[in-house]
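Engineer: Can you keep this structure in mind? I'll have questions shortly.
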Amino acid sequence: MWALFRQQILARGFPNYYWGVSETTESGQAINLDPWFGHYAERASGLSASEVRALFAVASRPEVVSLAGGMPFVRALPEDLVNGALARVMSEQGPTALQYGSGQGVPVLRQQILEIMALEGISASVDDIVVTTGSQQALDLVTKLFINPGDVVLAEAPSYVGAIGVFRSYQAHIEHVAMDNDGLIPDALRAAILRMAAEGRTIKFLYTIPNFHNPAGVTLSAERRPEILKICQDAGILVLEDNPYGLLSFDEDVPPAIRSLDDEGVIYLGSFSKTLAPGFRVGWALAPHAIREKLVLAAESAILCPSSFSQLVISEYLASADWMGQIRSFRDVYRERRDTILSSLAEHLPELSWTVPAGGFYVWVTLPDALDSKAMLPRAVTELVAYTPGTAFYADGGGRQNLRLSFSYPTPENIRIGIRRLATVINGELDLLSTFAGTGSLTASAGEDNVISPPPDMS
Ligand code: PMP
């Protein structure tokens with residue numbers, strides 16, 4: 001079975017069912033398999049399978065070391081802590097847990113969320129929190145409330161693939177803003193705002209992931225936070241601050257949240273997916289009061305209410321377990337994996353460059369000029385290693401020279417194996433290119449000299 005799959009991948013890339021719904025006839029004509037094709041609303045054209053989604057299907061094979069999906073290592077959660085909370089909820093509040101609840105979320109959990117956000121300098125009222133089905137749903141609701149087709153969302157370059165998918169599904173124009181190792185670049189933000197004004201476009205919000213960015217791994221510096229906020233305030237642009245990784249720092253705590261500097265111009269999104277477990281599907285939005293009222297209405301129309309069961313179990317867990325101690329042990333697990341991936345990259349792929357995350361799940365890698373991360377992926381999968389190509393994180397076709405490696409899920413041993421396999425693929429591609437360019441064989445030793453330029457017809 002695997003041999004057949006491998007042959008298929010090498011012959012024609014990933015099979016069609018991983019990438020879309022159309023099939024190709026023998027004469028090469030594309031036919032659509034969906035009889036309702038002509039009936040969809042225009043906005044449905046913004047829905048497409050992300051590269052990450054396609055990868056989950058392939059990379060979940062046990063032979064493949066997946067550095068692709070950003071999954072938390074939930075096995076590190078002591079089973080008895082979660083089971084205990086679960087059992088107590090069912091024995092003490094069973095009927096409530098199994099019933100519909102408030103559209104805004106369980107009040108006691110919202111109170112606990114306030115305490116969590118206080119760790120990043122946020123003070124707020126329980127009334128301004130809306131519990132959602134993961135922060136993904138909060139992203140969807142905010143976008144639904146603010147975006148008309150063609151409105152602009154400013155987003156970092158690169159940005160979270162799931163957010164790009166939501167913005168596209170509401171037909172937003174996504175304008176990327178450059179980052180460096182200190183996060184979003186204020187001058188690039190100013191330039192993007194001017195550019196959009198010159199084009200007569202309406203910017204609705206800036207979407208930013210300030211801490212341990214997905215996929216870039218970088219953190220917005222403390223100095224830049226007020227500056228970014230001021231630029232947005234002056235231009236009348238709302239800030240959508242997405243912070244699922246903030247508590248997963250390896251060294252020092254993150255700087256105060258942007259929301260801690262302004263409670264009128266920022267919507268803050270949080271989640272229990274990375275600090276506890278994504279299976280509960282519980283996240284939240286903290287919004288200025290008027291927006292919060294609309295968010296609750298939008299949430300009710302989408303799902304009536306978030307899961308009472310999940311909220312009560314999380315609430316019980318927070319009340320009874322040493323949750324901060326558990327987060328500290330997650331940090332230890334991820335720190336070791338971060339160190340392993342960085343040292344493996346340095347050992348096996350010294351000619352590449354990458355970001356050094358101070359927390360979270362991701363390393364963002366830049367390939368030598370000639371390589372294309374998307375084109376290289378089928379080759380990588382045949383070598384039994386998966387990553388996410390950089391193109392998944394751009395709305396404008398950028399990212400071919402980048403890939404995202406996630407170190408949160410595989411064990412250190414598997415990370416080492418995965419990076420060795422990746423090195424085989426990358427060095428093989430470089431060898432191939434140098435053969436075509438007539439520059440002879442390349443070795444993987446360190447130094448700029450080993451980075452070849454693409455031949456003119458392949459750049
Ligand atoms: N934002 C970012 C930056 C993420 O990485 C993720 C999950 N990968 C989400 C939002 C959504 O997380 P959830 O819905 O599980 O809270």
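A note on labels: chains of the structure tokens are A, B, ... as shown, every chain counts residues from 1, and ligands are counted from 1 in their shown order.
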Within 9 Å of ligand 1, counting only C-alpha atoms and all ligand atoms: which residues, as a ChimeraX atom specification?

Structural biologist: /A:69-71,132-139,159-163,208-209,212-215,242-245,269-274,277-284,361

Engineer: Fewer than 4 positions away in the same chain doesn't count, so skip those; otherwise give me all residues within 12 Å of region 321-335 of chain A, counting only C-alpha atoms, as JSON, numbers by chain.

Structural biologist: {"A": [71, 72, 73, 74, 75, 76, 77, 78, 79, 80, 81, 82, 83, 84, 85, 112, 115, 116, 119, 245, 246, 247, 248, 249, 250, 251, 252, 253, 272, 273, 274, 275, 276, 277, 313, 314, 315, 316, 317, 339, 340, 341, 342, 356, 357, 358, 359, 360, 361, 362, 406, 407, 408, 409, 410, 411, 412, 415]}

Engineer: Looking only at alpha helix (DSSP H) from DSSP on the backbone, list the matching residues of region 121-283 of chain A as number ranges by chain.

Structural biologist: A: 134-146, 161-169, 186-198, 224-235

Engineer: Take the residues from that selection and write them out as a CSV table (one decimal), in the first residue's frame, keeping N, CA and C atoms.

Structural biologist:
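Once everything was written out, this is result.csv:
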chain,number,residue,atom,x,y,z
A,134,GLY,N,-13.3,27.1,20.5
A,134,GLY,CA,-12.0,27.3,20.1
A,134,GLY,C,-11.8,28.8,19.7
A,135,SER,N,-10.6,29.3,19.7
A,135,SER,CA,-10.4,30.7,19.2
A,135,SER,C,-10.7,30.8,17.7
A,136,GLN,N,-10.7,29.6,17.0
A,136,GLN,CA,-11.0,29.6,15.6
A,136,GLN,C,-12.4,30.2,15.3
A,137,GLN,N,-13.3,29.8,16.2
A,137,GLN,CA,-14.7,30.3,16.0
A,137,GLN,C,-14.7,31.8,16.3
A,138,ALA,N,-13.9,32.3,17.3
A,138,ALA,CA,-13.9,33.7,17.5
A,138,ALA,C,-13.4,34.5,16.3
A,139,LEU,N,-12.4,33.9,15.7
A,139,LEU,CA,-11.8,34.5,14.4
A,139,LEU,C,-12.9,34.6,13.4
A,140,ASP,N,-13.7,33.6,13.3
A,140,ASP,CA,-14.8,33.5,12.3
A,140,ASP,C,-15.8,34.6,12.6
A,141,LEU,N,-16.2,34.7,13.9
A,141,LEU,CA,-17.3,35.6,14.3
A,141,LEU,C,-16.9,37.0,14.1
A,142,VAL,N,-15.6,37.3,14.5
A,142,VAL,CA,-15.1,38.7,14.3
A,142,VAL,C,-15.1,39.1,12.8
A,143,THR,N,-14.7,38.2,12.0
A,143,THR,CA,-14.6,38.4,10.6
A,143,THR,C,-16.0,38.6,10.0
A,144,LYS,N,-16.9,37.8,10.4
A,144,LYS,CA,-18.3,37.9,10.0
A,144,LYS,C,-18.9,39.2,10.3
A,145,LEU,N,-18.5,39.8,11.5
A,145,LEU,CA,-19.1,41.0,12.0
A,145,LEU,C,-18.5,42.2,11.2
A,146,PHE,N,-17.3,42.1,10.8
A,146,PHE,CA,-16.6,43.3,10.3
A,146,PHE,C,-16.4,43.4,8.7
A,161,VAL,N,-2.5,30.0,9.0
A,161,VAL,CA,-3.2,29.5,7.8
A,161,VAL,C,-4.7,29.4,8.1
A,162,GLY,N,-5.1,29.1,9.3
A,162,GLY,CA,-6.5,29.1,9.7
A,162,GLY,C,-7.2,30.4,9.6
A,163,ALA,N,-6.4,31.5,9.9
A,163,ALA,CA,-7.0,32.8,9.9
A,163,ALA,C,-7.1,33.3,8.4
A,164,ILE,N,-6.1,32.9,7.6
A,164,ILE,CA,-6.2,33.3,6.2
A,164,ILE,C,-7.4,32.6,5.6
A,165,GLY,N,-7.7,31.4,6.0
A,165,GLY,CA,-8.8,30.7,5.5
A,165,GLY,C,-10.1,31.4,5.8
A,166,VAL,N,-10.2,31.8,7.1
A,166,VAL,CA,-11.5,32.5,7.5
A,166,VAL,C,-11.6,33.8,6.7
A,167,PHE,N,-10.5,34.6,6.6
A,167,PHE,CA,-10.6,35.9,6.0
A,167,PHE,C,-11.0,35.7,4.5
A,168,ARG,N,-10.5,34.7,3.9
A,168,ARG,CA,-10.8,34.4,2.5
A,168,ARG,C,-12.3,34.0,2.4
A,169,SER,N,-12.8,33.3,3.3
A,169,SER,CA,-14.1,32.8,3.2
A,169,SER,C,-15.1,33.9,3.3
A,186,PRO,N,6.9,48.2,12.5
A,186,PRO,CA,6.0,49.4,12.5
A,186,PRO,C,6.1,50.2,11.1
A,187,ASP,N,7.3,50.4,10.6
A,187,ASP,CA,7.3,51.1,9.3
A,187,ASP,C,6.6,50.4,8.2
A,188,ALA,N,6.7,49.1,8.2
A,188,ALA,CA,6.0,48.3,7.2
A,188,ALA,C,4.4,48.5,7.3
A,189,LEU,N,4.0,48.5,8.6
A,189,LEU,CA,2.6,48.7,8.9
A,189,LEU,C,2.1,50.1,8.4
A,190,ARG,N,2.9,51.1,8.7
A,190,ARG,CA,2.6,52.5,8.2
A,190,ARG,C,2.5,52.5,6.6
A,191,ALA,N,3.5,51.8,6.0
A,191,ALA,CA,3.5,51.8,4.5
A,191,ALA,C,2.3,51.1,4.0
A,192,ALA,N,1.9,50.0,4.6
A,192,ALA,CA,0.7,49.2,4.1
A,192,ALA,C,-0.6,50.0,4.3
A,193,ILE,N,-0.7,50.8,5.4
A,193,ILE,CA,-1.9,51.6,5.6
A,193,ILE,C,-1.9,52.7,4.5
A,194,LEU,N,-0.8,53.3,4.2
A,194,LEU,CA,-0.8,54.3,3.1
A,194,LEU,C,-1.1,53.7,1.7
A,195,ARG,N,-0.5,52.6,1.5
A,195,ARG,CA,-0.7,51.9,0.2
A,195,ARG,C,-2.2,51.6,0.0
A,196,MET,N,-2.9,51.1,1.1
A,196,MET,CA,-4.3,50.7,1.0
A,196,MET,C,-5.1,52.0,0.8
A,197,ALA,N,-4.7,53.1,1.5
A,197,ALA,CA,-5.5,54.4,1.3
A,197,ALA,C,-5.3,54.8,-0.1
A,198,ALA,N,-4.1,54.7,-0.7
A,198,ALA,CA,-3.9,55.2,-2.1
A,198,ALA,C,-4.8,54.4,-3.0
A,224,ARG,N,7.9,47.6,20.6
A,224,ARG,CA,7.0,47.8,19.4
A,224,ARG,C,5.5,47.7,19.7
A,225,ARG,N,5.2,47.1,20.8
A,225,ARG,CA,3.7,46.9,21.1
A,225,ARG,C,2.9,48.3,21.2
A,226,PRO,N,3.4,49.2,22.0
A,226,PRO,CA,2.7,50.5,22.0
A,226,PRO,C,2.7,51.2,20.6
A,227,GLU,N,3.8,51.1,19.9
A,227,GLU,CA,4.0,51.7,18.6
A,227,GLU,C,3.0,51.2,17.6
A,228,ILE,N,2.9,49.9,17.6
A,228,ILE,CA,1.9,49.3,16.6
A,228,ILE,C,0.5,49.7,17.0
A,229,LEU,N,0.2,49.7,18.3
A,229,LEU,CA,-1.1,50.1,18.7
A,229,LEU,C,-1.4,51.6,18.3
A,230,LYS,N,-0.4,52.4,18.5
A,230,LYS,CA,-0.6,53.9,18.2
A,230,LYS,C,-0.9,54.1,16.7
A,231,ILE,N,-0.1,53.3,15.9
A,231,ILE,CA,-0.3,53.5,14.5
A,231,ILE,C,-1.8,53.1,14.1
A,232,CYS,N,-2.3,52.0,14.7
A,232,CYS,CA,-3.6,51.6,14.4
A,232,CYS,C,-4.7,52.6,15.0
A,233,GLN,N,-4.4,53.1,16.2
A,233,GLN,CA,-5.3,54.0,16.8
A,233,GLN,C,-5.4,55.3,15.9
A,234,ASP,N,-4.3,55.8,15.5
A,234,ASP,CA,-4.3,57.0,14.7
A,234,ASP,C,-5.0,56.8,13.3
A,235,ALA,N,-4.9,55.5,12.8
A,235,ALA,CA,-5.6,55.3,11.5
A,235,ALA,C,-7.0,54.8,11.7

Engineer: Which of these, A:Gly418, A:Pro306, A:Pro389, A:Gly428, has the shortest distance to Gly105 (chain A) once you count only C-alpha atoms?

Structural biologist: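 Looking only at the distances to Gly105 (chain A), the closest residue turns out to be A:Pro306.
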
Engineer: According to DSSP computed on the backbone, where in region 296-400 of chain A is there strand (DSSP E)? Give the residues as a list in words.

Structural biologist: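 Everything in region 296-400 of chain A that counts as strand (DSSP E) is Ser353, Trp354, Tyr362, Val363, Trp364, Val365, Thr366, Val385, Ala386, Thr388 and Pro389 of chain A.
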
Engineer: Kindly save the residues from that selection, with N, CA and C atoms included, as a PDB file, in the first residue's frame.

Structural biologist:
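selection_33.pdb, freshly written:
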ATOM      1  N   SER A 353      18.729  29.023   7.021  1.00  0.00           N
ATOM      2  CA  SER A 353      18.563  29.891   8.192  1.00  0.00           C
ATOM      3  C   SER A 353      17.174  29.656   8.783  1.00  0.00           C
ATOM      4  N   TRP A 354      17.019  29.988  10.066  1.00  0.00           N
ATOM      5  CA  TRP A 354      15.744  29.725  10.747  1.00  0.00           C
ATOM      6  C   TRP A 354      15.591  30.679  11.918  1.00  0.00           C
ATOM      7  N   TYR A 362       6.744  26.525  16.900  1.00  0.00           N
ATOM      8  CA  TYR A 362       7.175  26.575  15.500  1.00  0.00           C
ATOM      9  C   TYR A 362       8.545  27.201  15.241  1.00  0.00           C
ATOM     10  N   VAL A 363       9.222  26.625  14.239  1.00  0.00           N
ATOM     11  CA  VAL A 363      10.446  27.223  13.689  1.00  0.00           C
ATOM     12  C   VAL A 363      10.164  27.516  12.215  1.00  0.00           C
ATOM     13  N   TRP A 364      10.549  28.698  11.782  1.00  0.00           N
ATOM     14  CA  TRP A 364      10.328  29.112  10.390  1.00  0.00           C
ATOM     15  C   TRP A 364      11.664  29.062   9.675  1.00  0.00           C
ATOM     16  N   VAL A 365      11.723  28.257   8.635  1.00  0.00           N
ATOM     17  CA  VAL A 365      13.000  27.979   7.985  1.00  0.00           C
ATOM     18  C   VAL A 365      13.046  28.654   6.619  1.00  0.00           C
ATOM     19  N   THR A 366      14.174  29.224   6.289  1.00  0.00           N
ATOM     20  CA  THR A 366      14.368  29.802   4.952  1.00  0.00           C
ATOM     21  C   THR A 366      15.336  28.923   4.178  1.00  0.00           C
ATOM     22  N   VAL A 385       9.198  12.223   5.852  1.00  0.00           N
ATOM     23  CA  VAL A 385       9.177  13.385   6.743  1.00  0.00           C
ATOM     24  C   VAL A 385       8.211  14.404   6.139  1.00  0.00           C
ATOM     25  N   ALA A 386       7.421  15.063   6.988  1.00  0.00           N
ATOM     26  CA  ALA A 386       6.469  16.056   6.481  1.00  0.00           C
ATOM     27  C   ALA A 386       6.704  17.394   7.173  1.00  0.00           C
ATOM     28  N   THR A 388       5.242  21.840   6.708  1.00  0.00           N
ATOM     29  CA  THR A 388       4.236  22.653   6.027  1.00  0.00           C
ATOM     30  C   THR A 388       4.942  23.663   5.127  1.00  0.00           C
ATOM     31  N   PRO A 389       4.639  23.661   3.841  1.00  0.00           N
ATOM     32  CA  PRO A 389       5.302  24.622   2.958  1.00  0.00           C
ATOM     33  C   PRO A 389       4.895  26.051   3.295  1.00  0.00           C
TER      34      PRO A 389
END

Engineer: Find, counting only C-alpha atoms, the residue in A:Ile122, A:Val106, A:Ile185, A:Val65 that gets nearest to Leu422 (chain A).

Structural biologist: A:Val65

Engineer: Considering only C-alpha atoms, state which residue in the set A:Ala49, A:Ile417, A:Ala290, A:Met90 is at the smallest distance from His348 (chain A).

Structural biologist: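 Comparing A:Ala49, A:Ile417, A:Ala290, A:Met90 against His348 (chain A), the winner is A:Ile417.
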
Engineer: Point out the residue among A:Ala395, A:Leu86, A:Leu67, A:Ala437 with the least atom-to-atom distance to Leu377 (chain A), counting only C-alpha atoms.

Structural biologist: A:Leu67

Engineer: So what do you get for CA of Leu220 (chain A) versus CA of Asp182 (chain A), distance-wise?

Structural biologist: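 If I compute the distance from CA of Leu220 (chain A) to CA of Asp182 (chain A), I get 5.1 Å.
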